>>> print(open('my_file_2.cif').read())   # mmCIF, C-alpha atoms
data_query
loop_
_atom_site.label_atom_id
_atom_site.label_comp_id
_atom_site.auth_asym_id
_atom_site.auth_seq_id
_atom_site.Cartn_x
_atom_site.Cartn_y
_atom_site.Cartn_z
CA MET A 208 -16.86 -53.38 25.56
CA LEU A 209 -16.37 -50.60 28.08
CA SER A 210 -17.72 -51.01 31.54
CA SER A 211 -20.40 -48.50 32.37
CA GLY A 212 -17.94 -46.82 34.73
CA SER A 213 -15.23 -46.26 32.12
CA ALA A 214 -17.82 -45.20 29.55
CA ARG A 215 -18.94 -42.53 31.98
CA SER A 216 -15.34 -41.39 32.49
CA LEU A 217 -14.77 -41.24 28.74
CA ALA A 218 -17.94 -39.24 28.27
CA ALA A 219 -16.83 -36.90 31.02
CA VAL A 220 -13.39 -36.41 29.43
CA LEU A 221 -15.01 -35.75 26.05
CA ALA A 222 -17.44 -33.28 27.54
CA VAL A 223 -14.61 -31.42 29.25
CA GLY A 224 -12.65 -31.45 25.98
CA VAL A 225 -15.56 -30.05 24.01
CA ALA A 226 -16.25 -27.43 26.65
CA LEU A 227 -12.58 -26.43 26.65
CA ALA A 228 -12.48 -26.21 22.85
CA TRP A 229 -15.70 -24.20 22.90
CA TRP A 230 -14.26 -21.84 25.47
CA LEU A 231 -10.92 -21.52 23.63
CA THR A 232 -12.62 -20.64 20.37
CA SER A 233 -15.30 -18.37 21.80
CA PRO A 234 -15.41 -14.73 20.66
CA GLN A 235 -14.20 -12.16 23.20
CA ARG A 236 -16.13 -8.93 23.03
CA ILE A 237 -16.00 -5.46 24.50
CA ASP A 238 -19.24 -4.81 26.38
CA VAL A 239 -21.11 -1.57 26.31
CA GLY A 240 -19.42 -0.42 29.51
CA GLY A 241 -16.09 -0.54 27.64
CA LEU A 242 -17.01 2.43 25.46
CA PRO A 243 -15.78 5.76 26.80
CA ASP A 244 -17.95 8.83 27.01
CA HIS A 245 -16.87 10.37 23.73
CA GLU A 246 -18.78 12.40 21.20
CA ALA A 247 -17.81 10.87 17.86
CA ASP A 248 -16.48 13.40 15.37
CA PRO A 249 -16.80 12.59 11.65
CA VAL A 250 -14.06 15.08 10.70
CA ALA A 251 -11.56 13.34 12.97
CA GLY A 252 -12.97 10.08 11.62
CA GLU A 253 -12.02 10.99 8.05
CA ARG A 254 -8.39 11.16 9.14
CA MET A 255 -8.74 7.62 10.50
CA PHE A 256 -10.42 6.53 7.27
CA TRP A 257 -7.38 7.50 5.21
CA ALA A 258 -4.84 6.43 7.81
CA GLY A 259 -6.61 3.08 8.04
CA GLY A 260 -6.69 2.47 4.31
CA CYS A 261 -10.32 1.28 4.43
CA ALA A 262 -10.85 2.23 0.79
CA SER A 263 -7.85 0.26 -0.43
CA CYS A 264 -9.76 -2.97 0.16
CA HIS A 265 -13.40 -1.98 0.58
CA ALA A 266 -13.90 0.52 -2.29
CA SER A 267 -15.57 -1.36 -5.13
CA PRO A 268 -13.29 -1.83 -8.14
CA VAL A 269 -14.32 0.24 -11.17
CA ASN A 270 -14.21 -1.75 -14.44
CA GLY A 271 -11.93 -4.23 -12.77
CA LYS A 272 -9.50 -1.54 -11.67
CA ARG A 273 -8.71 -0.01 -8.33
CA ALA A 274 -11.08 2.84 -7.45
CA LYS A 275 -9.64 6.35 -7.69
CA GLY A 276 -10.69 9.78 -6.44
CA ASP A 277 -14.24 10.00 -5.10
CA ASN A 278 -14.94 6.38 -6.03
CA LYS A 279 -12.85 5.50 -2.99
CA LEU A 280 -15.83 6.55 -0.89
CA LEU A 281 -18.11 3.89 -2.42
CA LEU A 282 -17.44 1.00 -0.06
CA GLY A 283 -19.37 -1.80 -1.73
CA GLY A 284 -16.49 -4.26 -1.41
CA GLY A 285 -15.92 -7.00 -3.97
CA GLU A 286 -12.14 -6.98 -4.13
CA GLU A 287 -10.68 -10.50 -3.89
CA LEU A 288 -7.52 -11.38 -1.98
CA ASP A 289 -6.01 -14.53 -3.45
CA THR A 290 -3.80 -16.02 -0.72
CA ASP A 291 -2.25 -19.32 0.33
CA TYR A 292 -5.28 -19.93 2.54
CA GLY A 293 -7.82 -19.42 -0.22
CA VAL A 294 -9.75 -16.49 -1.65
CA PHE A 295 -10.94 -13.81 0.75
CA ARG A 296 -13.75 -11.62 -0.61
CA VAL A 297 -13.88 -8.13 0.84
CA PRO A 298 -17.35 -7.28 2.17
CA ASN A 299 -19.59 -4.28 1.64
CA ILE A 300 -19.07 -1.78 4.50
CA SER A 301 -21.17 1.01 3.02
CA THR A 302 -24.14 2.42 4.90
CA HIS A 303 -26.54 0.19 2.95
CA ALA A 304 -28.95 -1.27 5.53
CA GLU A 305 -29.10 -4.86 4.21
CA ASP A 306 -25.94 -5.27 2.14
CA GLY A 307 -23.58 -3.05 4.15
CA ILE A 308 -23.18 -2.08 7.78
CA GLY A 309 -25.75 0.71 7.91
CA GLU A 310 -27.68 -0.93 10.74
CA TRP A 311 -24.71 -1.63 12.97
CA THR A 312 -24.52 -0.10 16.41
CA LEU A 313 -21.39 1.71 17.51
CA LEU A 314 -20.55 -1.17 19.86
CA GLU A 315 -20.90 -3.73 17.05
CA PHE A 316 -18.56 -1.63 14.93
CA VAL A 317 -15.97 -1.34 17.71
CA ASN A 318 -16.10 -5.10 18.28
CA ALA A 319 -15.58 -5.79 14.60
CA MET A 320 -12.65 -3.34 14.37
CA GLN A 321 -10.92 -4.16 17.63
CA ARG A 322 -11.89 -7.72 18.51
CA GLY A 323 -12.59 -9.20 15.07
CA VAL A 324 -16.09 -10.26 16.07
CA SER A 325 -19.15 -9.77 13.84
CA PRO A 326 -22.50 -8.54 15.20
CA ASP A 327 -23.82 -12.12 15.06
CA GLY A 328 -20.90 -13.33 17.15
CA ARG A 329 -18.68 -14.93 14.51
CA HIS A 330 -14.93 -14.45 14.19
CA TYR A 331 -13.55 -12.47 11.32
CA TYR A 332 -10.50 -13.82 9.58
CA PRO A 333 -7.40 -11.72 10.20
CA SER A 334 -7.28 -10.78 6.49
CA PHE A 335 -9.31 -7.92 8.00
CA PRO A 336 -6.47 -6.37 10.01
CA TYR A 337 -8.25 -6.02 13.35
CA THR A 338 -5.06 -7.22 15.03
CA SER A 339 -3.67 -3.77 14.15
CA TYR A 340 -6.91 -1.81 14.61
CA ALA A 341 -7.10 -3.30 18.12
CA ARG A 342 -4.25 -0.92 19.04
CA MET A 343 -6.16 2.21 18.00
CA PRO A 344 -7.51 4.45 20.75
CA VAL A 345 -11.18 3.45 20.91
CA GLU A 346 -12.19 7.12 20.47
CA ASP A 347 -10.57 7.03 17.03
CA VAL A 348 -12.63 3.99 16.09
CA MET A 349 -15.78 5.78 17.26
CA ASP A 350 -14.84 8.80 15.14
CA LEU A 351 -14.27 6.54 12.14
CA LYS A 352 -17.78 5.11 12.48
CA ALA A 353 -19.15 8.66 12.51
CA PHE A 354 -17.34 9.35 9.24
CA LEU A 355 -18.42 6.09 7.57
CA ASP A 356 -22.01 7.02 8.52
CA THR A 357 -21.72 10.06 6.22
CA LEU A 358 -20.89 7.94 3.14
CA PRO A 359 -23.45 6.77 0.58
CA PRO A 360 -25.06 3.32 0.68
CA VAL A 361 -23.90 0.92 -2.03
CA GLU A 362 -26.04 -2.03 -3.09
CA GLY A 363 -24.79 -5.56 -3.47
CA ARG A 364 -23.77 -8.33 -1.13
CA VAL A 365 -20.38 -9.89 -1.67
CA ALA A 366 -20.06 -13.69 -1.83
CA ALA A 367 -18.45 -15.58 1.07
CA HIS A 368 -14.74 -16.42 1.22
CA SER A 369 -13.58 -19.66 -0.44
CA LEU A 370 -11.02 -21.13 1.93
CA GLY A 371 -9.40 -24.54 2.07
CA PHE A 372 -9.68 -26.88 5.06
CA PRO A 373 -8.88 -26.35 7.93
CA TRP A 374 -8.97 -22.57 7.40
CA SER A 375 -12.63 -22.88 6.48
CA LEU A 376 -13.37 -23.66 10.17
CA ARG A 377 -14.09 -20.12 11.27
CA ARG A 378 -14.47 -21.04 14.91
CA GLY A 379 -10.77 -21.98 14.95
CA VAL A 380 -9.85 -18.32 14.51
CA GLY A 381 -10.73 -17.99 18.22
CA VAL A 382 -7.66 -20.01 19.18
CA TRP A 383 -5.52 -17.99 16.80
CA LYS A 384 -6.74 -14.77 18.38
CA ARG A 385 -5.81 -15.94 21.86
CA ARG A 386 -2.25 -16.23 20.64
CA TYR A 387 -2.01 -13.23 18.30
CA LEU A 388 -4.64 -10.61 19.11
CA ASP A 389 -2.71 -8.30 21.37
CA THR A 390 -3.67 -4.71 22.08
CA ASP A 391 -0.27 -3.79 23.56
CA PRO A 392 2.01 -1.55 21.52
CA VAL A 393 4.97 -3.19 19.80
CA MET A 394 7.35 -0.27 20.36
CA ARG A 395 6.66 0.51 24.00
CA ALA A 396 9.49 3.06 24.10
CA ALA A 397 7.64 5.48 21.82
CA GLU A 398 5.58 7.49 24.33
CA PRO A 399 2.29 8.79 22.92
CA THR A 400 3.22 12.36 23.90
CA THR A 401 6.22 12.42 21.52
CA LEU A 402 6.16 12.78 17.75
CA ALA A 403 7.35 9.18 17.36
CA GLY A 404 4.64 8.09 19.79
CA ARG A 405 1.95 9.74 17.69
CA GLY A 406 3.51 7.99 14.73
CA ARG A 407 3.27 4.72 16.64
CA LEU A 408 -0.50 5.08 16.91
CA LEU A 409 -0.70 5.58 13.14
CA VAL A 410 1.80 2.90 12.09
CA GLU A 411 0.95 0.14 14.58
CA GLY A 412 -2.76 0.93 14.76
CA ALA A 413 -4.85 2.40 11.97
CA GLY A 414 -2.10 2.30 9.33
CA HIS A 415 -1.58 -1.45 9.92
CA CYS A 416 1.84 -1.22 8.25
CA GLY A 417 3.03 -4.33 10.09
CA GLU A 418 0.51 -6.53 8.29
CA CYS A 419 2.61 -6.46 5.12
CA HIS A 420 6.03 -5.20 6.28
CA THR A 421 6.46 -7.75 9.10
CA PRO A 422 7.05 -11.43 8.33
CA ARG A 423 4.61 -14.04 9.64
CA ASP A 424 5.24 -17.30 11.41
CA ARG A 425 3.78 -20.58 10.17
CA PHE A 426 0.45 -19.91 11.82
CA GLY A 427 0.13 -16.55 10.12
CA GLY A 428 0.94 -14.47 13.21
CA LEU A 429 3.32 -11.51 12.99
CA ARG A 430 6.87 -12.13 14.21
CA ARG A 431 7.35 -9.19 16.54
CA GLU A 432 11.10 -9.70 16.79
CA ARG A 433 11.21 -8.88 13.06
CA TRP A 434 8.84 -5.92 13.35
CA LEU A 435 8.67 -4.00 10.02
CA ALA A 436 11.87 -5.71 8.82
CA GLY A 437 10.38 -6.82 5.50
CA ALA A 438 8.47 -9.90 4.40
CA PRO A 439 7.58 -11.97 1.35
CA ASN A 440 4.97 -10.28 -0.81
CA PRO A 441 1.61 -11.85 0.10
CA GLU A 442 0.36 -11.13 -3.42
CA GLY A 443 3.05 -13.00 -5.30
CA LYS A 444 6.63 -12.40 -6.26
CA GLY A 445 9.19 -10.19 -4.63
CA ARG A 446 9.39 -8.83 -1.13
CA VAL A 447 7.74 -6.10 0.86
CA PRO A 448 10.71 -3.96 1.95
CA ASN A 449 12.34 -3.63 5.32
CA ILE A 450 11.35 -0.16 6.60
CA THR A 451 13.42 -0.17 9.78
CA PRO A 452 16.57 2.02 9.72
CA GLY A 453 18.43 -1.19 8.79
CA GLY A 454 16.52 -1.56 5.50
CA LYS A 455 18.74 -1.56 2.42
CA THR A 456 16.86 1.22 0.64
CA ILE A 457 15.25 3.24 3.41
CA SER A 458 18.50 3.55 5.37
CA GLN A 459 19.68 5.85 2.56
CA TRP A 460 16.62 8.08 2.89
CA SER A 461 16.46 11.20 5.04
CA ALA A 462 13.40 11.98 7.16
CA ALA A 463 12.40 14.53 4.51
CA ASP A 464 12.77 11.87 1.80
CA ILE A 465 10.39 9.48 3.56
CA ALA A 466 7.86 12.22 4.28
CA TYR A 467 8.01 13.39 0.66
CA TYR A 468 7.61 9.83 -0.59
CA LEU A 469 4.46 9.38 1.51
CA GLU A 470 3.13 12.72 0.30
CA SER A 471 4.01 12.56 -3.40
CA GLY A 472 4.81 8.94 -4.24
CA PHE A 473 8.31 9.81 -5.45
CA THR A 474 11.46 8.17 -4.14
CA PRO A 475 14.65 10.24 -3.66
CA GLU A 476 15.78 8.92 -7.07
CA PHE A 477 12.54 10.21 -8.52
CA ASP A 478 11.17 6.85 -9.30
CA THR A 479 7.52 6.41 -8.34
CA VAL A 480 5.91 4.17 -5.77
CA GLY A 481 4.79 0.78 -7.12
CA GLY A 482 2.61 -2.22 -6.38
CA SER A 483 0.26 -2.34 -3.41
CA MET A 484 2.03 0.67 -1.92
CA VAL A 485 0.47 2.95 -4.56
CA ALA A 486 -2.91 2.84 -2.83
CA VAL A 487 -1.30 3.17 0.60
CA GLN A 488 0.70 6.20 -0.47
CA GLU A 489 -2.40 7.86 -1.92
CA ASN A 490 -4.00 7.46 1.50
CA MET A 491 -0.93 8.82 3.29
CA ALA A 492 -1.06 11.84 0.96
CA ARG A 493 -4.44 12.72 2.50
CA LEU A 494 -2.96 13.02 5.98
CA SER A 495 -1.47 16.23 7.37
CA ASP A 496 2.25 17.06 7.12
CA GLU A 497 2.41 16.59 10.87
CA ASP A 498 0.96 13.07 10.68
CA ARG A 499 3.44 12.11 7.98
CA GLN A 500 6.28 13.54 10.07
CA ALA A 501 5.05 11.52 13.05
CA ILE A 502 5.13 8.35 10.95
CA VAL A 503 8.66 9.16 9.84
CA ALA A 504 9.79 9.91 13.41
CA TYR A 505 8.46 6.51 14.48
CA LEU A 506 10.17 4.69 11.60
CA LYS A 507 13.46 6.45 12.30
CA ALA A 508 13.22 5.44 15.98
CA LEU A 509 12.78 1.72 15.22
CA PRO A 510 15.64 -0.65 16.02
CA ALA A 511 17.68 -1.15 12.86
CA LEU A 512 17.13 -4.74 11.72
CA GLU A 513 19.13 -6.21 8.86
CA MET B 131 46.82 -2.55 -40.27
CA SER B 132 48.29 -4.50 -37.41
CA TYR B 133 46.69 -7.67 -36.15
CA MET B 134 45.75 -5.99 -32.85
CA LYS B 135 44.21 -3.02 -34.58
CA SER B 136 42.13 -5.08 -36.98
CA ARG B 137 41.04 -7.24 -34.12
CA SER B 138 39.83 -4.21 -32.15
CA LEU B 139 38.07 -2.98 -35.23
CA ILE B 140 36.25 -6.29 -35.65
CA VAL B 141 35.32 -6.26 -32.00
CA ALA B 142 34.12 -2.68 -32.28
CA VAL B 143 32.01 -3.44 -35.35
CA ALA B 144 30.58 -6.56 -33.75
CA LEU B 145 29.77 -4.60 -30.62
CA ALA B 146 28.12 -1.89 -32.62
CA PHE B 147 25.76 -4.40 -34.19
CA THR B 148 24.98 -6.38 -31.06
CA SER B 149 25.07 -3.58 -28.54
CA PRO B 150 21.73 -2.43 -27.21
CA LEU B 151 22.86 1.06 -28.11
CA PHE B 152 22.79 0.27 -31.79
CA ALA B 153 20.26 2.58 -33.32
CA GLY B 154 16.63 1.62 -33.38
CA ASP B 155 16.98 -2.10 -32.84
CA ASP B 156 16.48 -2.34 -29.15
CA PRO B 157 13.45 -0.37 -28.02
CA VAL B 158 13.50 -2.04 -24.60
CA HIS B 159 16.93 -0.64 -23.88
CA GLU B 160 16.25 2.72 -25.51
CA ARG B 161 13.08 3.40 -23.56
CA HIS B 162 14.83 2.35 -20.38
CA GLU B 163 17.66 4.79 -21.02
CA LEU B 164 15.20 7.54 -21.95
CA MET B 165 13.26 7.06 -18.69
CA GLU B 166 16.49 7.01 -16.69
CA GLY B 167 17.26 10.41 -18.22
CA VAL B 168 13.80 11.65 -17.27
CA GLY B 169 14.35 10.45 -13.69
CA ASP B 170 17.73 12.20 -13.58
CA ALA B 171 16.13 15.42 -14.82
CA ALA B 172 13.26 15.16 -12.33
CA LYS B 173 15.57 14.74 -9.37
CA PRO B 174 16.94 18.32 -9.05
CA VAL B 175 13.44 19.76 -9.51
CA GLY B 176 12.13 17.44 -6.81
CA GLN B 177 14.94 18.43 -4.50
CA MET B 178 14.00 22.09 -4.96
CA LEU B 179 10.35 21.28 -4.18
CA LYS B 180 11.52 19.43 -1.05
CA GLY B 181 13.65 22.40 -0.03
CA GLU B 182 16.87 20.40 -0.29
CA ARG B 183 18.36 22.44 -3.09
CA ASP B 184 18.42 26.15 -3.96
CA PHE B 185 15.95 27.18 -6.61
CA ASP B 186 17.46 27.62 -10.06
CA ALA B 187 15.11 28.56 -12.88
CA GLY B 188 17.64 27.48 -15.52
CA VAL B 189 17.95 23.96 -14.08
CA VAL B 190 14.16 23.69 -13.88
CA MET B 191 13.77 24.73 -17.51
CA ASN B 192 16.49 22.30 -18.62
CA SER B 193 14.61 19.50 -16.92
CA PHE B 194 11.37 20.53 -18.57
CA GLU B 195 13.14 20.50 -21.96
CA THR B 196 14.47 17.01 -21.26
CA PHE B 197 10.93 15.87 -20.45
CA HIS B 198 9.68 17.48 -23.65
CA GLU B 199 12.20 15.65 -25.84
CA ALA B 200 11.51 12.38 -24.07
CA SER B 201 7.76 12.75 -24.34
CA ALA B 202 8.05 13.20 -28.11
CA GLU B 203 10.05 9.99 -28.49
CA PHE B 204 8.78 7.73 -25.75
CA GLY B 205 5.52 6.50 -27.33
CA GLY B 206 7.39 5.16 -30.36
CA LEU B 207 9.51 2.80 -28.29
CA PHE B 208 6.82 0.21 -27.58
CA PRO B 209 6.42 -1.60 -30.93
CA PRO B 210 4.72 -5.01 -31.02
CA GLY B 211 7.28 -7.63 -30.11
CA SER B 212 8.99 -5.51 -27.47
CA GLU B 213 6.73 -6.68 -24.65
CA THR B 214 9.45 -8.56 -22.81
CA GLY B 215 13.19 -8.70 -22.39
CA GLU B 216 16.00 -7.08 -20.44
CA GLY B 217 13.96 -6.94 -17.25
CA THR B 218 11.52 -4.47 -18.79
CA GLU B 219 9.04 -2.88 -16.41
CA ALA B 220 6.59 -2.17 -19.23
CA ALA B 221 3.22 -3.63 -18.26
CA PRO B 222 1.21 -5.80 -20.70
CA ALA B 223 -1.48 -3.10 -20.38
CA ILE B 224 0.52 -0.94 -22.81
CA TRP B 225 -0.24 -3.35 -25.64
CA GLU B 226 -3.65 -4.40 -24.39
CA ASP B 227 -4.85 -0.82 -24.05
CA ARG B 228 -2.71 1.17 -26.45
CA ALA B 229 -5.21 4.03 -26.64
CA GLY B 230 -5.18 4.42 -22.87
CA PHE B 231 -1.40 4.39 -22.82
CA ASP B 232 -1.21 7.01 -25.57
CA GLU B 233 -3.68 9.16 -23.65
CA ALA B 234 -1.62 8.89 -20.47
CA LEU B 235 1.48 9.90 -22.45
CA ALA B 236 -0.39 12.81 -24.00
CA THR B 237 -1.41 14.01 -20.54
CA TRP B 238 2.24 14.00 -19.57
CA ALA B 239 3.32 15.80 -22.78
CA ASP B 240 0.61 18.43 -22.27
CA ALA B 241 1.67 19.01 -18.67
CA VAL B 242 5.28 19.39 -19.80
CA ASP B 243 4.35 21.88 -22.53
CA ALA B 244 2.27 23.88 -20.07
CA ALA B 245 5.22 23.93 -17.67
CA ILE B 246 7.54 25.20 -20.39
CA ALA B 247 5.02 27.84 -21.44
CA ALA B 248 4.70 29.00 -17.83
CA ASN B 249 8.49 29.55 -17.73
CA PRO B 250 8.52 29.66 -13.92
CA GLN B 251 10.96 32.07 -12.28
CA THR B 252 10.32 31.24 -8.64
CA LEU B 253 9.82 28.12 -6.55
CA GLU B 254 6.21 29.14 -5.95
CA GLU B 255 5.59 29.38 -9.70
CA THR B 256 7.31 26.02 -10.25
CA LYS B 257 5.30 24.05 -7.71
CA PRO B 258 1.95 23.86 -9.50
CA VAL B 259 3.29 23.23 -13.02
CA ALA B 260 5.90 20.69 -11.90
CA GLY B 261 3.22 19.10 -9.73
CA GLU B 262 1.06 18.43 -12.78
CA VAL B 263 4.03 16.90 -14.62
CA PHE B 264 4.86 14.60 -11.70
CA LYS B 265 1.24 13.63 -11.26
CA ALA B 266 1.20 12.54 -14.90
CA CYS B 267 4.36 10.46 -14.35
CA LYS B 268 2.78 8.70 -11.44
CA ASN B 269 -0.60 8.10 -13.06
CA CYS B 270 1.00 6.47 -16.08
CA HIS B 271 3.29 4.31 -13.93
CA ASP B 272 0.36 3.13 -11.81
CA THR B 273 -1.26 1.43 -14.78
CA TYR B 274 1.41 0.87 -17.39
CA ARG B 275 4.42 -0.12 -15.38
CA ILE B 276 4.92 -3.29 -13.39
CA GLU B 277 6.78 -3.07 -10.14
CA ASP B 278 10.47 -3.87 -10.11
CA GLU B 279 11.70 -6.01 -7.28
#
>>> encode(input="my_file_2.cif", output="structure tokens")
Amino acid sequence: MLSSGSARSLAAVLAVGVALAWWLTSPQRIDVGGLPDHEADPVAGERMFWAGGCASCHASPVNGKRAKGDNKLLLGGGEELDTDYGVFRVPNISTHAEDGIGEWTLLEFVNAMQRGVSPDGRHYYPSFPYTSYARMPVEDVMDLKAFLDTLPPVEGRVAAHSLGFPWSLRRGVGVWKRRYLDTDPVMRAAEPTTLAGRGRLLVEGAGHCGECHTPRDRFGGLRRERWLAGAPNPEGKGRVPNITPGGKTISQWSAADIAYYLESGFTPEFDTVGGSMVAVQENMARLSDEDRQAIVAYLKALPALE
Amino acid sequence: MSYMKSRSLIVAVALAFTSPLFAGDDPVHERHELMEGVGDAAKPVGQMLKGERDFDAGVVMNSFETFHEASAEFGGLFPPGSETGEGTEAAPAIWEDRAGFDEALATWADAVDAAIAANPQTLEETKPVAGEVFKACKNCHDTYRIEDE
């Protein structure tokens, strides 16, 4: 039996513990004052749409296959990502009012993209790569919303994720974010005014290349000291290649080779792009020559990791 | 016949029967070799499109002819029973959706024939017809080839 005094102390410790856990896991949001005075431009937003690869996950599959052509603009979701943590189901982000995100405010959209927080204040799992999108200039995110607003509504709500314990505890993502959600650039040396710096915004931000090309630690956070140096394939066998100048294959490629690969899907040996990179390359093909050259300049400026 | 000579002959005959090059018996190897040849032929054309190599209409036409010969043969190299082996990159979809595969091959063959008919004499004339050929390569690979490691 505890004395009433020690019971009170225990209750106090528990209360502090719960409050601390609550605080640690609480969603951090940008408030309305954090949005710059910027007139969102849907044309600029389309560039972000392709750079960001939104369609690669959110376009509804057609007859069980990846959407192609104009079907990439039908963002009903439904794709499933089968991972070690469980099955993530990609949501509907079309303009449909009930099933999609048609009713979202600009601020809600920015918070989803850059803080991983839903309009009702829940954490998103980092399968949605907001850890990369957090590095985008906020104006670009605003432009993207303006472009998404021009796309057709698609009916149908996607079922919830099926994750194993403890991953199913969504609130826990808050702790993870405190450790891994970082808006600072990885390659600080690449100044935004240079070609490589513009490439940095595309690669580290919208393009979210690091999400597959950088290995993760045991908590699923990216290992920055191995930035873009290759990683196990999250979708099964093989590896996602090292794309630093130290990479076995890419070190043999000229700047023109990499740019041509992103544009056409052909390697210097005239083999074609394969696997998950097919969809990425098709998106990169929609960017301008200058954007592709910026990406290449950034990749060429990376430290060569073995 | 000396012992050494007859021994080499036996080895040669044995090799001929077991070698993947032995006619008709190893479609996995044959289609691999055929595609390697197509890749080799595509390379100089691609380098011209990239501006890494001087334009040469004769080289372009040679490559188109190589594609043409390959496109006539390629579809016959996927008989039932050749789904696996020798690290093949052929996707199961080829056998599951044979009609779709044949259509993808026909698209490629048509693009090649159109390129030959166009008989391009400049880089500018080559770009659109070669582009269609390469697009057909890529489209077929996307569905009917699995990724190598």
>>> resolve_selection(input="my_file_2.cif", expression="the PyMOL selection byres ((chain B) within 12 of (chain A))", output="PyMOL selection string")
chain B and resi 165-182+219+221+223+260-262+264-279
>>> write_last_selection(input="my_file_2.cif", atoms="C-alpha atoms", output="PDB file, keeping the file's coordinate frame")
ATOM      1  CA  MET B 165      13.260   7.060 -18.690  1.00  0.00           C
ATOM      2  CA  GLU B 166      16.490   7.010 -16.690  1.00  0.00           C
ATOM      3  CA  GLY B 167      17.260  10.410 -18.220  1.00  0.00           C
ATOM      4  CA  VAL B 168      13.800  11.650 -17.270  1.00  0.00           C
ATOM      5  CA  GLY B 169      14.350  10.450 -13.690  1.00  0.00           C
ATOM      6  CA  ASP B 170      17.730  12.200 -13.580  1.00  0.00           C
ATOM      7  CA  ALA B 171      16.130  15.420 -14.820  1.00  0.00           C
ATOM      8  CA  ALA B 172      13.260  15.160 -12.330  1.00  0.00           C
ATOM      9  CA  LYS B 173      15.570  14.740  -9.370  1.00  0.00           C
ATOM     10  CA  PRO B 174      16.940  18.320  -9.050  1.00  0.00           C
ATOM     11  CA  VAL B 175      13.440  19.760  -9.510  1.00  0.00           C
ATOM     12  CA  GLY B 176      12.130  17.440  -6.810  1.00  0.00           C
ATOM     13  CA  GLN B 177      14.940  18.430  -4.500  1.00  0.00           C
ATOM     14  CA  MET B 178      14.000  22.090  -4.960  1.00  0.00           C
ATOM     15  CA  LEU B 179      10.350  21.280  -4.180  1.00  0.00           C
ATOM     16  CA  LYS B 180      11.520  19.430  -1.050  1.00  0.00           C
ATOM     17  CA  GLY B 181      13.650  22.400  -0.030  1.00  0.00           C
ATOM     18  CA  GLU B 182      16.870  20.400  -0.290  1.00  0.00           C
ATOM     19  CA  GLU B 219       9.040  -2.880 -16.410  1.00  0.00           C
ATOM     20  CA  ALA B 221       3.220  -3.630 -18.260  1.00  0.00           C
ATOM     21  CA  ALA B 223      -1.480  -3.100 -20.380  1.00  0.00           C
ATOM     22  CA  ALA B 260       5.900  20.690 -11.900  1.00  0.00           C
ATOM     23  CA  GLY B 261       3.220  19.100  -9.730  1.00  0.00           C
ATOM     24  CA  GLU B 262       1.060  18.430 -12.780  1.00  0.00           C
ATOM     25  CA  PHE B 264       4.860  14.600 -11.700  1.00  0.00           C
ATOM     26  CA  LYS B 265       1.240  13.630 -11.260  1.00  0.00           C
ATOM     27  CA  ALA B 266       1.200  12.540 -14.900  1.00  0.00           C
ATOM     28  CA  CYS B 267       4.360  10.460 -14.350  1.00  0.00           C
ATOM     29  CA  LYS B 268       2.780   8.700 -11.440  1.00  0.00           C
ATOM     30  CA  ASN B 269      -0.600   8.100 -13.060  1.00  0.00           C
ATOM     31  CA  CYS B 270       1.000   6.470 -16.080  1.00  0.00           C
ATOM     32  CA  HIS B 271       3.290   4.310 -13.930  1.00  0.00           C
ATOM     33  CA  ASP B 272       0.360   3.130 -11.810  1.00  0.00           C
ATOM     34  CA  THR B 273      -1.260   1.430 -14.780  1.00  0.00           C
ATOM     35  CA  TYR B 274       1.410   0.870 -17.390  1.00  0.00           C
ATOM     36  CA  ARG B 275       4.420  -0.120 -15.380  1.00  0.00           C
ATOM     37  CA  ILE B 276       4.920  -3.290 -13.390  1.00  0.00           C
ATOM     38  CA  GLU B 277       6.780  -3.070 -10.140  1.00  0.00           C
ATOM     39  CA  ASP B 278      10.470  -3.870 -10.110  1.00  0.00           C
ATOM     40  CA  GLU B 279      11.700  -6.010  -7.280  1.00  0.00           C
TER      41      GLU B 279
END
>>> atom_distance(input="my_file_2.cif", atom1="atom CA of Thr290 of chain A", atom2="atom CA of Ala492 of chain A")
28.0 Å
>>> atom_distance(input="my_file_2.cif", atom1="atom CA of Ala200 of chain B", atom2="atom CA of Asp184 of chain B")
25.3 Å
>>> residues_around(input="my_file_2.cif", residues="Arg425 of chain A", least_positions_apart="3", cutoff="12 Å", atoms="only C-alpha atoms", output="list in words")
Asp291, Tyr292, Trp383, Pro422, Gly428, Leu429 and Arg430 of chain A
>>> resolve_selection(input="my_file_2.cif", expression="the PyMOL selection byres ((chain B and resi 202-216) around 7)", output="list of chain:residue names")
B:Pro157, B:Val158, B:Arg161, B:His198, B:Glu199, B:Ala200, B:Ser201, B:Gly217, B:Thr218, B:Pro222, B:Asp232
>>> write_last_selection(input="my_file_2.cif", atoms="C-alpha atoms", output="short mmCIF file (atom, residue, chain, number, x, y, z; two decimals), in the coordinates of the input")
data_model
loop_
_atom_site.label_atom_id
_atom_site.label_comp_id
_atom_site.auth_asym_id
_atom_site.auth_seq_id
_atom_site.Cartn_x
_atom_site.Cartn_y
_atom_site.Cartn_z
CA PRO B 157 13.45 -0.37 -28.02
CA VAL B 158 13.50 -2.04 -24.60
CA ARG B 161 13.08 3.40 -23.56
CA HIS B 198 9.68 17.48 -23.65
CA GLU B 199 12.20 15.65 -25.84
CA ALA B 200 11.51 12.38 -24.07
CA SER B 201 7.76 12.75 -24.34
CA GLY B 217 13.96 -6.94 -17.25
CA THR B 218 11.52 -4.47 -18.79
CA PRO B 222 1.21 -5.80 -20.70
CA ASP B 232 -1.21 7.01 -25.57
#
